[in-house]
Structure formats: C-alpha cells, structure tokens
file run-v1.pdb (PDB, C-alpha atoms)
ATOM      1  CA  MET A  56       3.520  -9.063   3.483  1.00  0.00           C
ATOM      2  CA  LYS A  57       3.600 -10.762   0.104  1.00  0.00           C
ATOM      3  CA  GLN A  58       6.895 -10.686  -1.783  1.00  0.00           C
ATOM      4  CA  ILE A  59       6.822  -9.209  -5.279  1.00  0.00           C
ATOM      5  CA  THR A  60       8.602 -11.240  -7.947  1.00  0.00           C
ATOM      6  CA  LYS A  61      10.953  -9.808 -10.550  1.00  0.00           C
ATOM      7  CA  ILE A  62       8.348 -10.293 -13.277  1.00  0.00           C
ATOM      8  CA  GLN A  63       5.730  -8.379 -11.282  1.00  0.00           C
ATOM      9  CA  THR A  64       8.193  -5.570 -10.649  1.00  0.00           C
ATOM     10  CA  ALA A  65       9.093  -5.423 -14.336  1.00  0.00           C
ATOM     11  CA  VAL A  66       5.430  -5.336 -15.393  1.00  0.00           C
ATOM     12  CA  ALA A  67       4.710  -2.580 -12.861  1.00  0.00           C
ATOM     13  CA  VAL A  68       7.627  -0.455 -14.065  1.00  0.00           C
ATOM     14  CA  VAL A  69       6.813  -0.978 -17.747  1.00  0.00           C
ATOM     15  CA  SER A  70       3.123  -0.170 -17.227  1.00  0.00           C
ATOM     16  CA  PHE A  71       4.018   3.008 -15.291  1.00  0.00           C
ATOM     17  CA  ILE A  72       6.416   4.106 -18.044  1.00  0.00           C
ATOM     18  CA  ALA A  73       3.746   3.330 -20.659  1.00  0.00           C
ATOM     19  CA  ALA A  74       1.201   5.449 -18.753  1.00  0.00           C
ATOM     20  CA  VAL A  75       3.606   8.383 -18.616  1.00  0.00           C
ATOM     21  CA  GLY A  76       4.492   7.897 -22.294  1.00  0.00           C
ATOM     22  CA  PHE A  77       0.863   7.842 -23.394  1.00  0.00           C
ATOM     23  CA  GLY A  78       0.201  10.927 -21.292  1.00  0.00           C
ATOM     24  CA  ILE A  79       3.004  12.841 -22.981  1.00  0.00           C
ATOM     25  CA  ALA A  80       1.989  11.549 -26.403  1.00  0.00           C
ATOM     26  CA  GLY A  81      -1.586  12.640 -25.741  1.00  0.00           C
ATOM     27  CA  PHE A  82      -0.454  16.213 -25.188  1.00  0.00           C
ATOM     28  CA  VAL A  83       1.919  16.305 -28.172  1.00  0.00           C
ATOM     29  CA  THR A  84      -0.315  14.822 -30.893  1.00  0.00           C
ATOM     30  CA  PRO A  85      -2.805  17.033 -32.721  1.00  0.00           C
ATOM     31  CA  PRO A  86      -4.771  18.840 -31.398  1.00  0.00           C
ATOM     32  CA  PRO A  87      -1.958  19.817 -29.034  1.00  0.00           C
ATOM     33  CA  GLY A  88      -2.783  20.119 -25.366  1.00  0.00           C
ATOM     34  CA  GLU A  89      -5.928  18.011 -25.644  1.00  0.00           C
ATOM     35  CA  VAL A  90      -5.967  14.381 -24.498  1.00  0.00           C
ATOM     36  CA  HIS A  91      -8.666  12.091 -25.880  1.00  0.00           C
ATOM     37  CA  ASP A  92     -10.872  10.155 -23.453  1.00  0.00           C
ATOM     38  CA  SER A  93      -9.618   6.802 -24.705  1.00  0.00           C
ATOM     39  CA  VAL A  94      -6.026   7.821 -23.929  1.00  0.00           C
ATOM     40  CA  LEU A  95      -7.052   8.871 -20.417  1.00  0.00           C
ATOM     41  CA  TYR A  96      -8.792   5.521 -19.947  1.00  0.00           C
ATOM     42  CA  LEU A  97      -5.660   3.688 -21.114  1.00  0.00           C
ATOM     43  CA  ILE A  98      -3.478   5.712 -18.728  1.00  0.00           C
ATOM     44  CA  ALA A  99      -5.862   4.928 -15.867  1.00  0.00           C
ATOM     45  CA  GLN A 100      -5.700   1.218 -16.655  1.00  0.00           C
ATOM     46  CA  PHE A 101      -1.893   1.220 -16.695  1.00  0.00           C
ATOM     47  CA  LEU A 102      -1.750   3.088 -13.391  1.00  0.00           C
ATOM     48  CA  LEU A 103      -4.338   0.761 -11.857  1.00  0.00           C
ATOM     49  CA  LEU A 104      -2.267  -2.241 -12.927  1.00  0.00           C
ATOM     50  CA  THR A 105       0.836  -0.697 -11.370  1.00  0.00           C
ATOM     51  CA  ALA A 106      -0.984   0.079  -8.128  1.00  0.00           C
ATOM     52  CA  SER A 107      -2.487  -3.387  -7.856  1.00  0.00           C
ATOM     53  CA  ILE A 108       0.870  -5.078  -8.403  1.00  0.00           C
ATOM     54  CA  LEU A 109       2.552  -2.903  -5.801  1.00  0.00           C
ATOM     55  CA  GLY A 110      -0.296  -3.444  -3.325  1.00  0.00           C
ATOM     56  CA  VAL A 111      -1.468   0.128  -2.928  1.00  0.00           C
ATOM     57  CA  GLY A 112      -5.117  -0.925  -2.755  1.00  0.00           C
ATOM     58  CA  ALA A 113      -4.385  -3.365   0.047  1.00  0.00           C
ATOM     59  CA  MET A 114      -2.808  -0.576   2.073  1.00  0.00           C
ATOM     60  CA  PHE A 115      -6.015   1.473   1.993  1.00  0.00           C
ATOM     61  CA  PHE A 116      -8.048  -1.617   2.887  1.00  0.00           C
ATOM     62  CA  ASP A 117      -5.804  -2.279   5.897  1.00  0.00           C
ATOM     63  CA  ILE A 118      -6.247   1.285   7.132  1.00  0.00           C
ATOM     64  CA  SER A 119     -10.047   1.090   6.945  1.00  0.00           C
ATOM     65  CA  LEU A 120      -9.997  -2.320   8.636  1.00  0.00           C
ATOM     66  CA  ARG A 121      -7.885  -0.933  11.485  1.00  0.00           C
ATOM     67  CA  ARG A 122     -10.288   1.974  11.938  1.00  0.00           C
ATOM     68  CA  ARG A 123     -13.236  -0.399  12.203  1.00  0.00           C
ATOM     69  CA  ARG A 124     -11.367  -2.625  14.648  1.00  0.00           C
ATOM     70  CA  ASN A 125     -10.403   0.355  16.804  1.00  0.00           C
ATOM     71  CA  ALA A 126     -14.005   1.581  16.794  1.00  0.00           C
ATOM     72  CA  SER A 127     -15.298  -1.813  17.912  1.00  0.00           C
ATOM     73  CA  GLN A 128     -12.653  -1.974  20.658  1.00  0.00           C
ATOM     74  CA  LYS A 129     -13.675   1.484  21.815  1.00  0.00           C
ATOM     75  CA  ILE A 130     -17.312   0.385  22.037  1.00  0.00           C
ATOM     76  CA  SER A 131     -16.404  -2.744  23.993  1.00  0.00           C
ATOM     77  CA  LEU A 132     -14.312  -0.655  26.411  1.00  0.00           C
ATOM     78  CA  GLN A 133     -17.245   1.693  26.915  1.00  0.00           C
ATOM     79  CA  LYS A 134     -19.512  -1.274  27.708  1.00  0.00           C
ATOM     80  CA  LYS A 135     -17.017  -2.613  30.243  1.00  0.00           C
ATOM     81  CA  LEU A 136     -16.791   0.810  31.868  1.00  0.00           C
ATOM     82  CA  GLN A 137     -20.584   0.990  32.131  1.00  0.00           C
ATOM     83  CA  GLN A 138     -20.699  -2.478  33.677  1.00  0.00           C
ATOM     84  CA  MET A 139     -18.075  -1.497  36.242  1.00  0.00           C
ATOM     85  CA  GLN A 140     -20.008   1.648  37.120  1.00  0.00           C
ATOM     86  CA  GLU A 141     -23.232  -0.353  37.523  1.00  0.00           C
ATOM     87  CA  LYS A 142     -21.494  -2.800  39.866  1.00  0.00           C
ATOM     88  CA  GLU A 143     -20.256   0.064  42.028  1.00  0.00           C
ATOM     89  CA  GLU A 144     -23.777   1.434  42.417  1.00  0.00           C
TER
END
call {"tool": "encode", "arguments": {"input": "run-v1.pdb", "output": "structure tokens"}}
result
Amino acid sequence: MKQITKIQTAVAVVSFIAAVGFGIAGFVTPPPGEVHDSVLYLIAQFLLLTASILGVGAMFFDISLRRRRNASQKISLQKKLQQMQEKEE
C-alpha cells in the first residue's frame, strides 16, 4: 500500500475540517437551517479530496476487483468439474 506523506495528511485533515466548518456555517447563516447548493457542492469537493488522499476510492475498487476475480475462479472450477465428470462417463 502507498505511504501517505505528512503534506497529504495535513491537506486531508484541513480539507475535512473545512468541509465541517462550511457545513456548520451553512446552517448558521441566514436563512438559518437552509444550506445553499453551492455550499453543498463545496463540502462535497472537500470530502472527495479527503477521501481520495486517504485512498477510500481504491478500497472500493479493490473489493469489486476481488469479486470479479472470485467469480471467474468459480466459473473455471465449474468447467474443471464438468470436464472431470465427462472423463468419468
């Protein structure tokens, strides 16, 4: 797994704190309790940056890749089993 540098960690932490801060500010500013779409977009971008630095997207990709690999192995095992059964007959 790739090592995360101190700068990447700092950027991830700062962007997460900024996302939380903008979320709170969006609720506090007038009209209270209503967050504008642009603020939501900004929060999403900060959280996406944090997730990409920490490698969350790669984790989901690895899981889907493992599922595909397991499915292909299962199919190849089924083919081998069929071949063995045909040889016995």
call {"tool": "atom_distance", "arguments": {"input": "run-v1.pdb", "atom1": "CA of Ile108 in chain A", "atom2": "CA of Ala74 in chain A"}}
result
14.8 Å
call {"tool": "atom_distance", "arguments": {"input": "run-v1.pdb", "atom1": "CA of Ile79 in chain A", "atom2": "CA of Gly110 in chain A"}}
result
25.7 Å
call {"tool": "atom_distance", "arguments": {"input": "run-v1.pdb", "atom1": "CA of Thr105 in chain A", "atom2": "CA of Arg123 in chain A"}}
result
27.5 Å
call {"tool": "resolve_selection", "arguments": {"input": "run-v1.pdb", "expression": "the PyMOL selection byres ((chain A and resi 67) around 10)", "output": "number ranges by chain"}}
result
A: 61-66, 68-73, 101-109
call {"tool": "residues_around", "arguments": {"input": "run-v1.pdb", "residues": "Gly88 in chain A", "least_positions_apart": "5", "cutoff": "12 Å", "atoms": "all atoms listed in the file", "output": "compact mmCIF listing (two decimals) with C-alpha atoms, keeping the file's coordinate frame"}}
result
# COMPACT_ATOMS: atom_id res chain seq x y z
CA GLY A 78 0.20 10.93 -21.29
CA ILE A 79 3.00 12.84 -22.98
CA ALA A 80 1.99 11.55 -26.40
CA GLY A 81 -1.59 12.64 -25.74
CA PHE A 82 -0.45 16.21 -25.19
CA VAL A 83 1.92 16.30 -28.17
